[in-house]
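Note: the block below is work23.txt and it holds compact mmCIF, C-alpha atoms and all ligand atoms.
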```txt
# COMPACT_ATOMS: atom_id res chain seq x y z
CA MET A 1 -84.76 85.07 20.27
CA THR A 2 -86.00 83.29 23.36
CA ILE A 3 -89.61 84.45 23.09
CA GLU A 4 -91.92 83.34 20.35
CA GLN A 5 -95.31 84.84 21.08
CA GLY A 6 -96.72 88.33 21.18
CA ASP A 7 -96.58 91.19 18.75
CA LEU A 8 -93.19 92.53 19.68
CA CYS A 9 -90.43 90.35 21.05
CA TYR A 10 -86.65 90.46 21.16
CA VAL A 11 -83.53 89.89 23.26
CA ASP A 12 -81.07 92.77 23.35
CA ASP A 13 -77.82 92.14 25.21
CA ALA A 14 -75.50 94.48 23.34
CA SER A 15 -75.16 96.57 26.49
CA ARG A 16 -76.28 96.63 30.13
CA PRO A 17 -79.02 96.03 30.97
CA ARG A 18 -79.59 92.88 28.96
CA VAL A 19 -83.22 93.16 27.86
CA VAL A 20 -85.58 90.25 27.35
CA PHE A 21 -88.78 91.57 25.85
CA GLY A 22 -91.95 89.76 24.88
CA ALA A 23 -95.29 88.32 25.93
CA GLY A 24 -94.61 85.32 28.15
CA SER A 25 -91.07 86.32 29.07
CA LEU A 26 -91.95 86.10 32.78
CA ALA A 27 -91.23 82.39 32.28
CA ASP A 28 -87.59 83.31 31.56
CA VAL A 29 -86.95 84.81 35.02
CA ALA A 30 -85.47 81.63 36.53
CA ALA A 31 -83.11 81.13 33.58
CA GLU A 32 -82.03 84.77 33.74
CA VAL A 33 -81.37 84.46 37.48
CA THR A 34 -79.15 81.45 36.76
CA ARG A 35 -77.41 83.40 33.98
CA LEU A 36 -76.52 86.07 36.55
CA GLY A 37 -75.26 83.42 38.99
CA GLY A 38 -77.95 84.23 41.57
CA SER A 39 -78.22 81.47 44.19
CA ARG A 40 -79.49 83.47 47.21
CA VAL A 41 -82.12 85.81 45.81
CA LEU A 42 -84.14 88.49 47.58
CA LEU A 43 -87.48 88.91 45.78
CA ILE A 44 -89.13 92.34 46.11
CA SER A 45 -92.64 92.81 44.75
CA THR A 46 -95.50 95.29 44.79
CA THR A 47 -98.79 93.92 46.11
CA SER A 48 -100.16 94.04 42.56
CA ALA A 49 -97.41 91.64 41.41
CA ARG A 50 -97.84 89.10 44.22
CA THR A 51 -99.29 86.36 42.02
CA ALA A 52 -96.50 86.72 39.49
CA ALA A 53 -93.96 86.83 42.35
CA ASP A 54 -95.45 83.62 43.79
CA GLY A 55 -94.94 81.99 40.38
CA ILE A 56 -91.32 83.15 40.28
CA ALA A 57 -90.78 81.80 43.82
CA ARG A 58 -92.18 78.42 42.72
CA ASP A 59 -89.92 78.36 39.63
CA ILE A 60 -86.76 79.28 41.54
CA GLY A 61 -87.53 77.29 44.70
CA ASP A 62 -84.79 77.35 47.38
CA GLY A 63 -82.90 80.01 45.44
CA ILE A 64 -85.36 82.58 46.82
CA VAL A 65 -84.09 83.12 50.37
CA GLY A 66 -86.25 86.11 51.27
CA ARG A 67 -89.24 88.14 50.10
CA VAL A 68 -90.46 91.70 50.56
CA ASP A 69 -94.13 91.95 49.58
CA GLY A 70 -95.84 95.29 49.13
CA VAL A 71 -93.61 98.34 48.92
CA ALA A 72 -94.45 101.96 49.73
CA MET A 73 -94.38 104.87 47.26
CA HIS A 74 -91.27 107.06 46.93
CA VAL A 75 -88.84 104.62 48.60
CA PRO A 76 -89.02 105.67 52.27
CA ASP A 77 -85.72 105.59 54.14
CA ASP A 78 -86.93 103.20 56.86
CA GLU A 79 -88.04 100.67 54.24
CA VAL A 80 -84.57 100.79 52.66
CA ARG A 81 -82.93 100.26 56.07
CA ARG A 82 -85.18 97.28 56.88
CA THR A 83 -84.67 95.67 53.48
CA ARG A 84 -80.92 96.20 53.56
CA ALA A 85 -80.71 94.54 56.99
CA LEU A 86 -82.74 91.60 55.66
CA ALA A 87 -80.44 91.26 52.62
CA ALA A 88 -77.38 91.24 54.89
CA LYS A 89 -78.90 88.71 57.31
CA LEU A 90 -79.79 86.37 54.46
CA THR A 91 -76.44 86.82 52.66
CA VAL A 92 -78.27 87.63 49.46
CA ASP A 93 -76.31 87.58 46.19
CA LEU A 94 -78.96 88.96 43.80
CA VAL A 95 -81.93 91.30 44.14
CA LEU A 96 -84.92 90.52 41.94
CA CYS A 97 -87.78 93.00 41.79
CA ILE A 98 -91.17 92.84 40.11
CA GLY A 99 -93.65 95.70 40.08
CA GLY A 100 -93.83 99.40 39.35
CA GLY A 101 -91.21 102.09 39.87
CA SER A 102 -91.61 101.83 43.66
CA ALA A 103 -90.45 98.19 43.72
CA VAL A 104 -87.64 98.95 41.27
CA GLY A 105 -86.73 102.01 43.37
CA LEU A 106 -86.44 99.99 46.60
CA ALA A 107 -84.31 97.37 44.84
CA LYS A 108 -82.08 100.09 43.37
CA SER A 109 -81.54 101.61 46.81
CA ILE A 110 -80.36 98.21 48.07
CA ALA A 111 -78.02 97.90 45.08
CA HIS A 112 -76.75 101.43 45.78
CA GLU A 113 -75.85 100.55 49.37
CA THR A 114 -74.58 97.00 48.85
CA GLY A 115 -73.40 96.74 45.25
CA LEU A 116 -75.62 93.66 44.77
CA PRO A 117 -76.64 92.93 41.15
CA LEU A 118 -80.23 93.55 40.16
CA LEU A 119 -82.75 91.86 37.88
CA ALA A 120 -85.89 93.94 37.25
CA VAL A 121 -89.31 92.94 35.93
CA PRO A 122 -91.23 96.22 35.53
CA THR A 123 -95.03 96.25 35.40
CA THR A 124 -95.64 99.96 34.71
CA TYR A 125 -94.24 102.47 32.23
CA ALA A 126 -92.10 104.41 34.76
CA GLY A 127 -88.84 103.44 32.99
CA SER A 128 -86.68 103.38 36.15
CA GLU A 129 -85.28 99.95 35.24
CA MET A 130 -83.28 101.57 32.39
CA THR A 131 -81.51 104.18 34.50
CA THR A 132 -78.63 104.65 36.94
CA ILE A 133 -80.82 107.05 38.94
CA TRP A 134 -81.75 106.12 42.50
CA GLY A 135 -84.19 108.02 44.71
CA ARG A 136 -85.36 107.76 48.30
CA THR A 137 -87.38 109.89 50.70
CA ALA A 138 -86.53 110.99 54.24
CA GLU A 139 -88.33 113.61 56.30
CA GLY A 140 -90.41 114.89 53.41
CA ARG A 141 -87.47 115.33 51.04
CA LYS A 142 -86.85 113.12 48.06
CA GLN A 143 -83.17 112.73 47.31
CA THR A 144 -81.90 111.40 43.99
CA GLY A 145 -78.49 110.55 42.66
CA ARG A 146 -76.74 108.52 40.00
CA ASP A 147 -74.77 105.33 40.56
CA SER A 148 -73.91 102.78 37.87
CA GLN A 149 -74.36 100.00 40.50
CA VAL A 150 -78.13 100.55 40.53
CA LEU A 151 -78.56 99.88 36.81
CA PRO A 152 -80.12 96.42 36.54
CA HIS A 153 -77.98 93.73 34.91
CA THR A 154 -81.08 92.27 33.25
CA VAL A 155 -84.57 93.62 32.58
CA ILE A 156 -87.45 91.34 31.64
CA TYR A 157 -90.34 93.12 29.96
CA ASP A 158 -93.48 91.01 29.73
CA PRO A 159 -96.47 92.99 28.38
CA VAL A 160 -98.82 90.34 29.82
CA LEU A 161 -97.91 91.68 33.29
CA THR A 162 -99.23 95.12 32.32
CA VAL A 163 -102.67 93.92 31.19
CA GLY A 164 -103.92 94.19 34.78
CA LEU A 165 -102.58 97.73 35.21
CA PRO A 166 -105.85 99.65 35.50
CA ALA A 167 -106.57 101.92 32.54
CA ALA A 168 -106.35 105.09 34.65
CA MET A 169 -102.92 104.07 36.00
CA SER A 170 -101.78 102.99 32.54
CA ILE A 171 -102.60 106.45 31.22
CA THR A 172 -100.79 108.38 33.97
CA SER A 173 -97.84 105.99 33.87
CA GLY A 174 -97.67 106.46 30.09
CA LEU A 175 -97.76 110.25 30.54
CA ASN A 176 -94.92 109.90 33.09
CA ALA A 177 -92.89 108.14 30.39
CA ILE A 178 -93.86 110.79 27.83
CA ALA A 179 -92.53 113.41 30.28
CA HIS A 180 -89.11 111.68 30.26
CA CYS A 181 -89.13 111.86 26.46
CA ILE A 182 -90.17 115.51 26.26
CA GLU A 183 -87.64 116.74 28.81
CA SER A 184 -84.96 114.70 27.04
CA LEU A 185 -85.74 116.44 23.74
CA TYR A 186 -84.87 119.91 25.07
CA ALA A 187 -82.09 118.75 27.43
CA PRO A 188 -78.76 120.59 27.17
CA ASP A 189 -76.99 117.26 26.53
CA ALA A 190 -79.46 115.90 23.94
CA THR A 191 -77.86 114.18 20.93
CA SER A 192 -79.32 112.68 17.77
CA LEU A 193 -79.28 109.28 19.53
CA THR A 194 -81.12 110.46 22.65
CA THR A 195 -83.59 112.35 20.45
CA ARG A 196 -84.25 109.13 18.56
CA SER A 197 -84.94 107.24 21.82
CA ALA A 198 -87.23 110.04 23.03
CA ALA A 199 -89.13 110.38 19.75
CA ASP A 200 -89.49 106.60 19.41
CA GLY A 201 -90.70 106.21 23.01
CA MET A 202 -93.13 109.10 22.82
CA THR A 203 -94.57 108.01 19.48
CA ALA A 204 -95.13 104.46 20.75
CA LEU A 205 -96.84 105.70 23.91
CA ILE A 206 -99.01 108.35 22.26
CA ALA A 207 -100.14 105.81 19.66
CA SER A 208 -100.90 103.03 22.14
CA LEU A 209 -102.50 104.77 25.14
CA PRO A 210 -105.88 105.49 23.46
CA THR A 211 -106.12 101.79 22.49
CA ILE A 212 -105.22 100.72 26.05
CA LEU A 213 -107.95 102.99 27.41
CA ARG A 214 -110.54 101.39 25.09
CA GLU A 215 -109.21 97.83 25.35
CA PRO A 216 -106.87 97.31 28.33
CA ALA A 217 -106.24 93.68 27.32
CA ASP A 218 -104.99 94.55 23.81
CA LEU A 219 -101.60 92.81 23.99
CA ALA A 220 -100.18 94.49 20.89
CA ALA A 221 -100.93 97.95 22.36
CA ARG A 222 -99.52 96.85 25.72
CA ALA A 223 -96.33 95.63 24.03
CA ARG A 224 -95.99 98.89 22.11
CA ALA A 225 -96.49 100.97 25.26
CA LEU A 226 -93.97 98.88 27.21
CA HIS A 227 -91.45 99.24 24.39
CA GLY A 228 -92.15 103.00 24.52
CA ALA A 229 -91.48 102.91 28.26
CA ARG A 230 -88.14 101.21 27.67
CA ARG A 231 -87.16 103.88 25.11
CA SER A 232 -88.33 106.65 27.46
CA GLY A 233 -86.15 105.17 30.21
CA GLN A 234 -83.18 105.24 27.82
CA ALA A 235 -83.91 108.91 27.06
CA LEU A 236 -84.16 109.66 30.79
CA GLU A 237 -80.88 107.88 31.47
CA SER A 238 -78.90 109.69 28.81
CA THR A 239 -79.98 113.29 29.34
CA GLN A 240 -80.43 115.87 32.06
CA MET A 241 -84.06 116.38 33.04
CA GLY A 242 -85.49 119.88 33.48
CA LEU A 243 -88.01 121.85 35.51
CA HIS A 244 -90.81 119.31 35.17
CA HIS A 245 -88.88 116.49 36.87
CA VAL A 246 -87.44 118.80 39.52
CA LEU A 247 -90.97 119.92 40.46
CA CYS A 248 -92.49 116.43 40.40
CA HIS A 249 -89.76 115.14 42.72
CA ALA A 250 -90.27 118.06 45.09
CA LEU A 251 -94.04 117.49 45.10
CA GLY A 252 -93.56 113.78 45.80
CA GLY A 253 -91.34 114.55 48.80
CA VAL A 254 -93.32 117.46 50.26
CA ALA A 255 -96.87 116.22 49.75
CA ASN A 256 -96.38 112.47 49.13
CA LEU A 257 -98.36 112.89 45.89
CA PRO A 258 -98.69 109.81 43.67
CA HIS A 259 -95.83 109.89 41.17
CA SER A 260 -97.35 109.34 37.74
CA PRO A 261 -100.61 111.33 38.25
CA THR A 262 -98.45 114.29 39.37
CA HIS A 263 -96.46 114.04 36.14
CA ALA A 264 -99.68 113.79 34.15
CA VAL A 265 -101.13 117.00 35.62
CA LEU A 266 -98.00 119.14 35.52
CA LEU A 267 -96.53 118.16 32.13
CA PRO A 268 -98.79 120.30 29.86
CA HIS A 269 -98.16 123.37 32.05
CA VAL A 270 -94.37 123.02 32.02
CA VAL A 271 -94.37 122.32 28.28
CA ALA A 272 -96.53 125.41 27.59
CA TRP A 273 -94.11 127.48 29.69
CA ASN A 274 -91.02 126.08 27.94
CA GLU A 275 -92.14 125.70 24.37
CA SER A 276 -91.08 128.99 22.80
CA ALA A 277 -87.61 128.62 24.35
CA ALA A 278 -87.40 124.97 23.26
CA GLY A 279 -88.29 125.80 19.62
CA SER A 280 -87.79 123.03 17.09
CA ALA A 281 -86.53 120.59 19.76
CA LEU A 282 -90.19 119.87 20.44
CA ASP A 283 -91.05 119.09 16.78
CA PRO A 284 -91.21 115.33 17.52
CA VAL A 285 -93.95 116.06 20.09
CA ARG A 286 -95.94 117.99 17.47
CA SER A 287 -95.73 115.12 15.05
CA ALA A 288 -96.44 112.41 17.64
CA LEU A 289 -99.56 114.31 18.71
CA GLY A 290 -100.59 114.78 15.07
CA MET A 291 -100.72 118.56 15.50
CA HIS A 292 -101.69 120.68 12.48
CA ALA A 293 -99.88 123.80 11.29
CA GLY A 294 -102.55 125.99 12.88
CA ASP A 295 -102.26 124.36 16.34
CA ARG A 296 -100.22 126.88 18.30
CA SER A 297 -99.53 125.36 21.68
CA ILE A 298 -97.99 121.95 22.27
CA GLY A 299 -98.79 122.35 26.00
CA CYS A 300 -102.49 122.85 25.19
CA SER A 301 -102.48 119.91 22.75
CA LEU A 302 -100.93 117.72 25.43
CA TRP A 303 -103.54 118.96 27.89
CA ASP A 304 -106.31 118.04 25.41
CA PHE A 305 -104.70 114.62 24.82
CA SER A 306 -104.57 113.85 28.52
CA ARG A 307 -108.15 115.14 29.02
CA ARG A 308 -109.33 112.78 26.24
CA LEU A 309 -107.59 109.94 28.07
CA GLY A 310 -109.31 110.89 31.33
CA ALA A 311 -106.07 111.71 33.21
CA PRO A 312 -106.46 113.80 36.37
CA GLY A 313 -106.41 117.53 35.64
CA SER A 314 -105.57 119.12 38.97
CA LEU A 315 -103.00 118.69 41.71
CA ALA A 316 -105.66 119.61 44.28
CA ALA A 317 -107.52 116.42 43.34
CA LEU A 318 -104.30 114.51 44.15
CA GLY A 319 -104.05 116.07 47.63
CA LEU A 320 -101.94 119.21 47.05
CA SER A 321 -102.77 122.37 49.01
CA GLU A 322 -101.54 125.98 48.80
CA SER A 323 -99.36 125.41 51.88
CA HIS A 324 -97.63 122.54 50.04
CA VAL A 325 -96.99 124.91 47.13
CA ALA A 326 -95.33 127.37 49.54
CA LYS A 327 -93.15 124.56 50.94
CA VAL A 328 -92.14 123.40 47.45
CA LEU A 329 -91.17 126.98 46.58
CA ASP A 330 -89.02 127.13 49.74
CA ASP A 331 -87.42 123.72 49.10
CA VAL A 332 -86.87 123.51 45.37
CA ASP A 333 -83.41 124.23 43.98
CA LEU A 334 -84.04 126.15 40.77
CA THR A 335 -80.33 126.73 40.13
CA ARG A 336 -80.28 123.15 38.76
CA VAL A 337 -82.67 124.18 35.98
CA ARG A 338 -81.19 126.19 33.14
CA HIS A 339 -82.57 124.69 29.98
CA PRO A 340 -84.42 125.54 27.82
CA ARG A 341 -85.50 128.43 30.04
CA ARG A 342 -84.42 129.62 33.48
CA PRO A 343 -87.37 129.73 35.88
CA THR A 344 -87.85 132.27 38.62
CA THR A 345 -89.63 131.41 41.85
CA GLU A 346 -92.60 133.45 40.59
CA ASP A 347 -92.72 131.40 37.35
CA VAL A 348 -92.85 128.23 39.42
CA ARG A 349 -95.51 129.63 41.72
CA ILE A 350 -97.69 130.46 38.69
CA LEU A 351 -97.11 126.98 37.20
CA LEU A 352 -97.92 125.18 40.44
CA MET A 353 -101.02 127.29 41.09
CA ALA A 354 -102.25 126.52 37.54
CA GLY A 355 -101.64 122.81 38.21
CA LEU A 356 -103.30 123.08 41.61
CA SER A 357 -106.50 124.59 40.23
CA GLY A 358 -106.58 122.43 37.11
CA GLN A 359 -106.94 125.24 34.59
CA ARG A 360 -105.97 124.74 30.95
CA PRO A 361 -102.35 125.84 30.41
CA SER A 362 -101.78 129.31 29.08
CA PRO A 363 -100.95 129.02 25.34
CA GLU A 364 -98.51 131.94 25.67
CA PRO A 365 -95.60 131.42 28.06
CA GLN A 366 -95.71 133.72 31.09
CA ALA A 367 -92.96 136.32 31.28
CA SER A 368 -90.02 135.60 33.58
P1 LIG A 401 -95.74 102.46 41.70
O1 LIG A 401 -94.65 101.50 41.53
O2 LIG A 401 -95.87 103.14 43.03
O3 LIG A 401 -97.10 101.75 41.30
C1 LIG A 401 -98.32 102.46 41.37
C2 LIG A 401 -99.44 101.51 41.73
O4 LIG A 401 -99.66 100.65 40.64
C3 LIG A 401 -99.13 100.64 42.94
O5 LIG A 401 -100.30 100.56 43.72
C4 LIG A 401 -98.81 99.30 42.31
O6 LIG A 401 -99.09 98.22 43.18
C5 LIG A 401 -99.72 99.30 41.10
N1 LIG A 401 -99.26 98.49 39.98
C6 LIG A 401 -98.03 98.46 39.44
N2 LIG A 401 -98.01 97.63 38.38
C7 LIG A 401 -99.24 97.11 38.28
C8 LIG A 401 -99.85 96.20 37.36
N3 LIG A 401 -99.19 95.69 36.31
N4 LIG A 401 -101.15 95.88 37.53
C9 LIG A 401 -101.87 96.43 38.57
N5 LIG A 401 -101.36 97.31 39.45
C10 LIG A 401 -100.05 97.65 39.29
O7 LIG A 401 -95.69 103.65 40.63
P2 LIG A 401 -94.79 103.95 39.36
O8 LIG A 401 -95.41 105.14 38.75
O9 LIG A 401 -94.57 102.75 38.54
O10 LIG A 401 -93.38 104.33 39.98
C11 LIG A 401 -93.20 105.52 40.71
C12 LIG A 401 -91.87 105.50 41.42
O11 LIG A 401 -90.82 105.26 40.50
C13 LIG A 401 -91.56 106.84 42.08
O12 LIG A 401 -90.92 106.62 43.32
C14 LIG A 401 -90.59 107.48 41.09
O13 LIG A 401 -89.75 108.45 41.68
C15 LIG A 401 -89.82 106.28 40.61
N6 LIG A 401 -89.20 106.47 39.30
C16 LIG A 401 -87.83 106.40 39.27
C17 LIG A 401 -87.19 106.56 38.07
C18 LIG A 401 -85.68 106.44 38.05
O14 LIG A 401 -85.07 106.46 36.99
N7 LIG A 401 -85.05 106.29 39.20
C19 LIG A 401 -87.90 106.78 36.89
C20 LIG A 401 -89.30 106.83 36.96
C21 LIG A 401 -89.95 106.66 38.18
```
Step by step, read the file and then write its structure as structure tokens.
Amino acid sequence: MTIEQGDLCYVDDASRPRVVFGAGSLADVAAEVTRLGGSRVLLISTTSARTAADGIARDIGDGIVGRVDGVAMHVPDDEVRRTRALAAKLTVDLVLCIGGGSAVGLAKSIAHETGLPLLAVPTTYAGSEMTTIWGRTAEGRKQTGRDSQVLPHTVIYDPVLTVGLPAAMSITSGLNAIAHCIESLYAPDATSLTTRSAADGMTALIASLPTILREPADLAARARALHGARRSGQALESTQMGLHHVLCHALGGVANLPHSPTHAVLLPHVVAWNESAAGSALDPVRSALGMHAGDRSIGCSLWDFSRRLGAPGSLAALGLSESHVAKVLDDVDLTRVRHPRRPTTEDVRILLMAGLSGQRPSPEPQAS
């Protein structure tokens, strides 16, 4: 153990990424950079993480040869090109990122193109730091792929960094992580191990988010949620995601919608549509939500849970219009989605229109 304070703390280096988890672990960044042999480090940070990034820069000193402050959502292509050119000019040997999934995403794109090692310090619950998935956006289309080079060598999770994540963002980010867990549960390649990660992650998040909403500075709840985010990232990494993720990526590309609020709105609808086909695979969701025998729809229970947490209820409120829906229907490749239920274009239109208007999901799945 290198960390001695906080409710939950551990070092896990049985496999990549090495994980350093615990309140105060931000102080370990310099030592972890040294451990990775980084001597010419490019530091990428979201605006929200600037103060923490300044502290890292002070700790590492001359080892930080360049900084990128403030990254855009959805990893735009031109930002990747600029950052890659900077990394080449500065002969960088390690990329260090601190911030939400957007900062991690930009750093992963640089690792994808250059093979540079990566150290990530996430400050939201997106879970990207645990995956080999990269994503970037060009001309309104978000492309994703897998590459083992983008998996960070080390991840430092410091719950203190998440205390400033506004409650509303904490809730949608947590629901984003819950979406990884749920789609992992009914994935065609789910195993008992991936189901354990998903159930563990989802249970931690569902238990901690109401506390975070009431008391954003509750460090024990923040630690539990961040641990849940790590587990959700593991579930995302090890299984094939379904319709929900395909649609959220398409919406991000077509309409530049904010990532986690889009997940928060759409998840109950997709779950309601999938749940009879998914059957007992979704039992861990029932138990994490504390559903009773008489509660029929997991999608509706999730909807009620996110309403109680004040999450946004409609895609229209996030900036989606009917013309965007038409473009998503033209763009989206539904042949990739087979499990637990094959969607038709009409199914997706109904789902997106329900999300657009913000109506409660239908407790009975629509016919396809
Ligand atoms: P984000 O990184 O865009 O952050 C959202 C907002 O929260 C930003 O304004 C940011 O500055 C602010 N913020 C972040 N941490 C904060 C903190 N601790 N305190 C205060 N403000 C803070 O959003 P996100 O939801 O974390 O990430 C979304 C991106 O991650 C998308 O591009 C998505 O596709 C990607 N993603 C990728 C994977 C993967 O495996 N590749 C997985 C999940 C998400």
Take every atom of ligand LIG 401 (chain A) listed in the file, pad by 8 Å on each side, and give me the axis-aligned box centre and edge lengths in Å, one decimal, as AutoDock Vina command-line options.
```
--center_x -93.5 --center_y 102.1 --center_z 40.0 --size_x 32.8 --size_y 28.8 --size_z 23.4
```
* **region 344-347 of chain A surroundings by all atoms listed in the file, 12 Å radius, close-in-sequence under 3 positions cut, as a ChimeraX atom specification** => /A:243,247,269-270,273-274,325-338,341,350-354,365-368
Select from chain A every residue with an atom at most 8 Å from any atom of ligand LIG 401 (chain A), then for each give the shortest pair of atoms and their distance in Å to one decimal, using all atoms listed in the file, rows by chain and rising number, as a tab-separated table.
```
residue	atom	partner	partner_atom	distance
A:Thr46	CA	A:LIG401	O6	4.9
A:Thr47	CA	A:LIG401	O6	5.2
A:Ser48	CA	A:LIG401	O6	4.4
A:Ala49	CA	A:LIG401	C7	6.6
A:Gly70	CA	A:LIG401	O6	7.4
A:Val71	CA	A:LIG401	O2	7.9
A:Ala72	CA	A:LIG401	O2	6.9
A:Met73	CA	A:LIG401	O2	4.8
A:His74	CA	A:LIG401	O12	3.7
A:Val75	CA	A:LIG401	O12	6.0
A:Gly99	CA	A:LIG401	N2	5.1
A:Gly100	CA	A:LIG401	O1	3.1
A:Gly101	CA	A:LIG401	O10	3.1
A:Ser102	CA	A:LIG401	O1	3.7
A:Ala103	CA	A:LIG401	O1	5.8
A:Val104	CA	A:LIG401	O11	7.1
A:Gly105	CA	A:LIG401	C15	5.9
A:Pro122	CA	A:LIG401	N2	7.5
A:Thr123	CA	A:LIG401	N3	4.3
A:Thr124	CA	A:LIG401	O9	4.9
A:Tyr125	CA	A:LIG401	O9	6.3
A:Ala126	CA	A:LIG401	C20	4.3
A:Gly127	CA	A:LIG401	C19	5.2
A:Ser128	CA	A:LIG401	O14	3.6
A:Glu129	CA	A:LIG401	O14	6.7
A:Met130	CA	A:LIG401	O14	6.9
A:Thr131	CA	A:LIG401	O14	4.9
A:Thr132	CA	A:LIG401	O14	6.7
A:Ile133	CA	A:LIG401	N7	4.3
A:Trp134	CA	A:LIG401	N7	4.7
A:Gly135	CA	A:LIG401	N7	5.8
A:Arg136	CA	A:LIG401	O12	7.6
A:Thr144	CA	A:LIG401	N7	7.7
A:Leu161	CA	A:LIG401	N3	5.2
A:Thr162	CA	A:LIG401	N3	4.0
A:Val163	CA	A:LIG401	N3	6.4
A:Gly164	CA	A:LIG401	N4	4.3
A:Leu165	CA	A:LIG401	N4	3.3
A:Pro166	CA	A:LIG401	C9	6.0
A:Met169	CA	A:LIG401	O4	6.6
A:Thr172	CA	A:LIG401	O8	7.9
A:Ser173	CA	A:LIG401	O8	5.5
A:Asn176	CA	A:LIG401	O8	7.4
A:Ala177	CA	A:LIG401	C20	7.6
A:Gly233	CA	A:LIG401	O14	7.0
A:Leu236	CA	A:LIG401	O14	7.0
A:Glu237	CA	A:LIG401	O14	7.1
A:His249	CA	A:LIG401	O13	6.8
A:Gly252	CA	A:LIG401	O13	7.7
A:Pro258	CA	A:LIG401	O2	7.3
A:His259	CA	A:LIG401	C11	5.1
A:Ser260	CA	A:LIG401	O8	4.7
```
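Atom pair CA of Ser362 (chain A) / CA of Met241 (chain A): separated by 22.3 Å.
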Radius query 10 Å about (-81.3, 109.8, 20.7), atoms used: only C-alpha atoms, as a VMD selection string: chain A and resid 181 184 to 185 190 to 200 231 234 to 235 238 to 239
re CA of Gly22 (chain A) and CA of Pro284 (chain A): distance 26.6 Å
Shortest contact to Val155 (chain A), candidates A:Ala27, A:Val254, A:Cys97, A:Ile206, atoms counted all atoms listed in the file, goes to A:Cys97
Write out as a PyMOL selection string which residues come within 12 Å of Ser287 (chain A) when counting only C-alpha atoms, dropping same-chain ones fewer than 6 positions away.
chain A and resi 199-200+202-203+206-207+280-281+293+295+298+301-302
Next, dump the selected residues to file, keeping only C-alpha atoms, as a compact mmCIF listing (two decimals), keeping the file's coordinate frame.
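Output (part_11.txt):
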```txt
# COMPACT_ATOMS: atom_id res chain seq x y z
CA ALA A 199 -89.13 110.38 19.75
CA ASP A 200 -89.49 106.60 19.41
CA MET A 202 -93.13 109.10 22.82
CA THR A 203 -94.57 108.01 19.48
CA ILE A 206 -99.01 108.35 22.26
CA ALA A 207 -100.14 105.81 19.66
CA SER A 280 -87.79 123.03 17.09
CA ALA A 281 -86.53 120.59 19.76
CA ALA A 293 -99.88 123.80 11.29
CA ASP A 295 -102.26 124.36 16.34
CA ILE A 298 -97.99 121.95 22.27
CA SER A 301 -102.48 119.91 22.75
CA LEU A 302 -100.93 117.72 25.43
```
Correct to one decimal, the distance CA of Asp59 (chain A)-CA of Ala221 (chain A) is 28.3 Å
Would you pick out the contacts of Gly313 (chain A) at 10 Å or less, using all atoms listed in the file, so that residues sharing its chain but fewer than 2 positions from it are not included, and give the list as a PyMOL selection string? chain A and resi 261-262+264-266+268+303+306-307+310-311+315-318+355-360
At a cut-off of 8 Å, using all atoms listed in the file, what residues contact region 31-34 of chain A? Leave out same-chain residues fewer than 5 positions from it and give the result as a compact mmCIF listing (two decimals) with C-alpha atoms, in the frame of the given file.
```txt
# COMPACT_ATOMS: atom_id res chain seq x y z
CA SER A 39 -78.22 81.47 44.19
CA LEU A 119 -82.75 91.86 37.88
CA THR A 154 -81.08 92.27 33.25
```
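Closest to Asp78 (chain A) among A:Ser25, A:Thr137, A:Ser45, A:Thr51 is A:Thr137, based on all atoms listed in the file.
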Of A:Leu175, A:Ala120, A:Leu43, A:Ile212, the one nearest to Ala87 (chain A) when counting all atoms listed in the file is A:Leu43
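Of the listed residues (A:Val29, A:Ile44, A:Val80, A:Ile182), A:Ile182 comes nearest to Ala272 (chain A); the distances count only C-alpha atoms.
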